[in-house]
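This report concerns only the one structure given below.
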Amino acid sequence: MRVLRSDMSSWKRGKRASHSFWKQSIEALVVFSLCVKISGCSDVDELMSTYPLIDGHNDLALQLRIRHNNCLSQVDLHNLSKVSTDISRFKAGHVQTQMFAVYVLCGAQQKDAVRLTLEQIDVVRRMCTEYQEFELVTSVQELKDSKDNGKIACLISIEGGHSIDSSLPALRMFYQLGVRSMGLTHSCNTPWAESSSNFYPVYKRENNSLTSFGKVVVEEMNRLGMIVDLSHTSWNTSSAVLSHSKAPVIFSHSSSYSICNHSRNVPDNLLLELKKNQGLIMVNLHNTFVSCRDEANISHVADHFDYIRKLIGAESIGIGGDYEGATSFPHGLEDVSKYPALIQELLRRNWTENELAGVLRNNFLRVFEQVERVRDQLSSKLPSEVQIPFEEAHNPCRLILKRPDPRSPSSDQSSGAEGGLPALLILATVLMLSRIFLIE
């Protein structure tokens with residue numbers, strides 16, 4: 001009898017445990033179903049595997065210049081120290097396409113900006129062809145194919161119009177080398193566009209933020225199929241470009257001015273113009289741009305996404321991390337491997353799978369496709385032969401092409417001729433002194 005009671009007690013305990021197990025399983029299933037209904041996907045990794053990230057801005061090439069003088073043979077891009085980007089972390093962060101910035105300092109304007117830009121294009125091209133995980137792409141179709149082939153696609157973007165030295169032929173040659181986007185300014189004005197920064201006191205103009213030549217630059221970029229990037233431009237220049245461009249434009253690494261009132265961010269009126277243009281703002285993750293302080297967290301970043309979505313819709317948003325260019329990033333977003341944490345936060349805020357698919361990938365693809373469509377529509381248009389007026393782009397290194405006068409050495413404006421007279425004076429002085437010493 002005692003054995004029977006013991007068996008009955010064990011059976012009841014087992015029944016209660018079984019009932020508890022099924023109750024918990026049903027509750028978990030309900031929660032899972034609700035999550036699927038909200039996000040459309042049960043897991044961040046699954047979502048980002050289906051829609052891997054296209055990131056709008058990364059300055060790894062700049063760090064390779066600063067730290068290694070562009071000597072790729074000295075580094076292993078699979079694992080890099082002292083930076084936030086390498087191949088292993090790209091994979092961990094589900095980054096499938098990276099727009100690599102080609103940036104040269106504004107101090108090179110009026111000097112050797114074009115040469116330095118070519119060297120930075122060279123290092124990006126080498127990086128993306130010498131490592132089998134990368135693939136250099138120059139079109140939407142190649143970008144899509146790279147995903148199917150399991151590659152990390154590389155797009156090249158020039159960061160700052162000073163790189164073309166106010167030359168449309170230079171712009172076209174950069175396109176031939178694979179450049180598919182260009183920011184019209186960095187932290188310095190160009191002779192034809194205005195920067196959001198006042199750091200460099202060059203090419204200041206009143207009420208002329210996009211000159212007639214600047215409009216031709218935008219038109220030529222539209223004709224080529226090169227994405228116009230407005231990050232770093234002044235608000236007046238941005239507005240002028242949004243009114244003039246035939247193709248959608250992007251802010252490749254900017255955030256909302258209403259959330260953080262930094263001049264690098266985009267105010268509401270421009271966001272509304274961007275929506276009409278069907279363009280894209282790719283949210284920057286730099287602490288100073290997301291929290292207006294030295295410290296920030298993921299919630300600060302997500303606030304920008306929420307605000308912009310409410311104002312102009314999720315279809316106008318992308319991500320442009322600005323790793324390797326900016327110096328500090330939010331807690332939890334310290335490097336490119338951390339992007340899933342941001343997507344997790346947006347899921348927690350009830351962003352849908354469709355919205356996040358756009359933010360991660362599809363919105364940029366739509367813009368790039370439209371840029372190419374405009375290019376195709378303009379295919380019958382010949383390359384522009386407009387030249388910037390000399391007085392607008394005048395600087396000591398800009399040569400006036402004319403036949404030298406042999407009777408007047410000073411009329412030859414090449415650097416060799418300019419240096420010739422001082423050299424002759426020095427030589428004459430040395431000869432004279434030597435004669436004096438010999439006489440003595």
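Here, A, B, ... name the chains of the structure tokens in the order displayed, residue numbers run from 1 inside each chain, and ligands are numbered from 1 in the same displayed order.
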### Task
Please identify which residues in segment 124-206 of chain A DSSP calls alpha helix (DSSP H) from the backbone, and express them as a ChimeraX atom specification.
/A:124-130,140-148,168-176
### Task
Write out as an MDAnalysis selection string which residues come within 9 Å of Leu270 of chain A when counting only C-alpha atoms, dropping same-chain ones fewer than 3 positions away.
chainID A and resid 235 238:239 242 266:267 273:275
Could the residues in this selection be written to a file with all heavy atoms, as a tab-separated table (two decimals), in the first residue's frame?
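Below is the file that was written, again_32.tsv:
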```
chain	number	residue	atom	x	y	z
A	235	TRP	N	23.78	73.95	-45.17
A	235	TRP	CA	22.35	73.74	-45.40
A	235	TRP	C	21.89	74.43	-46.68
A	235	TRP	O	21.05	73.89	-47.41
A	235	TRP	CB	21.55	74.27	-44.20
A	235	TRP	CG	21.81	73.50	-42.94
A	235	TRP	CD1	22.48	72.32	-42.81
A	235	TRP	CD2	21.40	73.86	-41.62
A	235	TRP	NE1	22.52	71.92	-41.50
A	235	TRP	CE2	21.87	72.85	-40.74
A	235	TRP	CE3	20.71	74.95	-41.09
A	235	TRP	CZ2	21.64	72.90	-39.38
A	235	TRP	CZ3	20.48	74.99	-39.72
A	235	TRP	CH2	20.94	73.98	-38.87
A	238	SER	N	23.01	72.29	-49.55
A	238	SER	CA	22.15	71.09	-49.60
A	238	SER	C	20.81	71.41	-50.24
A	238	SER	O	20.32	70.65	-51.10
A	238	SER	CB	21.94	70.53	-48.19
A	238	SER	OG	23.15	70.08	-47.63
A	239	SER	N	20.21	72.50	-49.83
A	239	SER	CA	18.91	72.88	-50.37
A	239	SER	C	19.00	73.15	-51.87
A	239	SER	O	18.13	72.74	-52.65
A	239	SER	CB	18.38	74.11	-49.64
A	239	SER	OG	17.10	74.47	-50.11
A	242	LEU	N	19.35	69.80	-53.68
A	242	LEU	CA	18.09	69.06	-53.67
A	242	LEU	C	17.11	69.63	-54.70
A	242	LEU	O	16.30	68.88	-55.27
A	242	LEU	CB	17.48	69.10	-52.27
A	242	LEU	CG	18.14	68.17	-51.25
A	242	LEU	CD1	17.79	68.57	-49.83
A	242	LEU	CD2	17.72	66.71	-51.51
A	266	VAL	N	21.16	67.24	-39.99
A	266	VAL	CA	20.23	67.72	-41.01
A	266	VAL	C	18.94	68.22	-40.36
A	266	VAL	O	18.27	67.47	-39.64
A	266	VAL	CB	19.90	66.60	-42.02
A	266	VAL	CG1	19.04	67.14	-43.17
A	266	VAL	CG2	21.20	65.99	-42.58
A	267	PRO	N	18.57	69.48	-40.61
A	267	PRO	CA	17.34	70.03	-40.01
A	267	PRO	C	16.10	69.49	-40.71
A	267	PRO	O	16.16	68.93	-41.81
A	267	PRO	CB	17.49	71.54	-40.24
A	267	PRO	CG	18.32	71.65	-41.47
A	267	PRO	CD	19.28	70.49	-41.43
A	273	GLU	N	12.65	68.11	-47.72
A	273	GLU	CA	13.08	68.23	-49.12
A	273	GLU	C	13.68	66.92	-49.61
A	273	GLU	O	13.50	66.52	-50.77
A	273	GLU	CB	14.10	69.36	-49.26
A	273	GLU	CG	13.53	70.75	-49.10
A	273	GLU	CD	14.58	71.84	-49.33
A	273	GLU	OE1	15.35	71.71	-50.31
A	273	GLU	OE2	14.64	72.79	-48.53
A	274	LEU	N	14.42	66.24	-48.71
A	274	LEU	CA	15.02	64.95	-49.07
A	274	LEU	C	13.96	63.92	-49.40
A	274	LEU	O	14.12	63.11	-50.33
A	274	LEU	CB	15.90	64.47	-47.91
A	274	LEU	CG	16.67	63.16	-48.13
A	274	LEU	CD1	17.78	63.35	-49.17
A	274	LEU	CD2	17.26	62.67	-46.81
A	275	LYS	N	12.87	63.94	-48.66
A	275	LYS	CA	11.77	63.01	-48.94
A	275	LYS	C	11.20	63.24	-50.33
A	275	LYS	O	10.95	62.29	-51.08
A	275	LYS	CB	10.68	63.16	-47.88
A	275	LYS	CG	9.49	62.21	-48.08
A	275	LYS	CD	8.48	62.37	-46.98
A	275	LYS	CE	7.26	61.47	-47.21
A	275	LYS	NZ	7.60	60.04	-47.15
```
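Among the candidates A:Ser187, A:Asn70, A:Ser81, A:Ser181, the residue lying nearest to Ile227 of chain A is A:Ser181 (atoms considered: only C-alpha atoms).
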#### Entry: Members of segment 103-157 of chain A assigned strand (DSSP E or B) by DSSP, as number ranges by chain
A: 134-136, 152-157
### Task
Find the spatial neighbours of Gln98 of chain A, counting only C-alpha atoms, within a cut-off of 10 Å - ignore same-chain residues fewer than 5 positions away - and output them as a ChimeraX atom specification.
/A:53-58,90,134,136,152-156,320
### Message
as a list in words, please: the residues near Gln132 of chain A (cut-off 12 Å, only C-alpha atoms, same-chain neighbours under 2 positions excluded).
### Response
Leu77, His78, Ile87, Arg126, Met127, Cys128, Thr129, Glu130, Phe134, Glu135, Leu136, Ser146, Asn149, Gly150, Lys151, Ile152, Ala153 and Cys154 of chain A
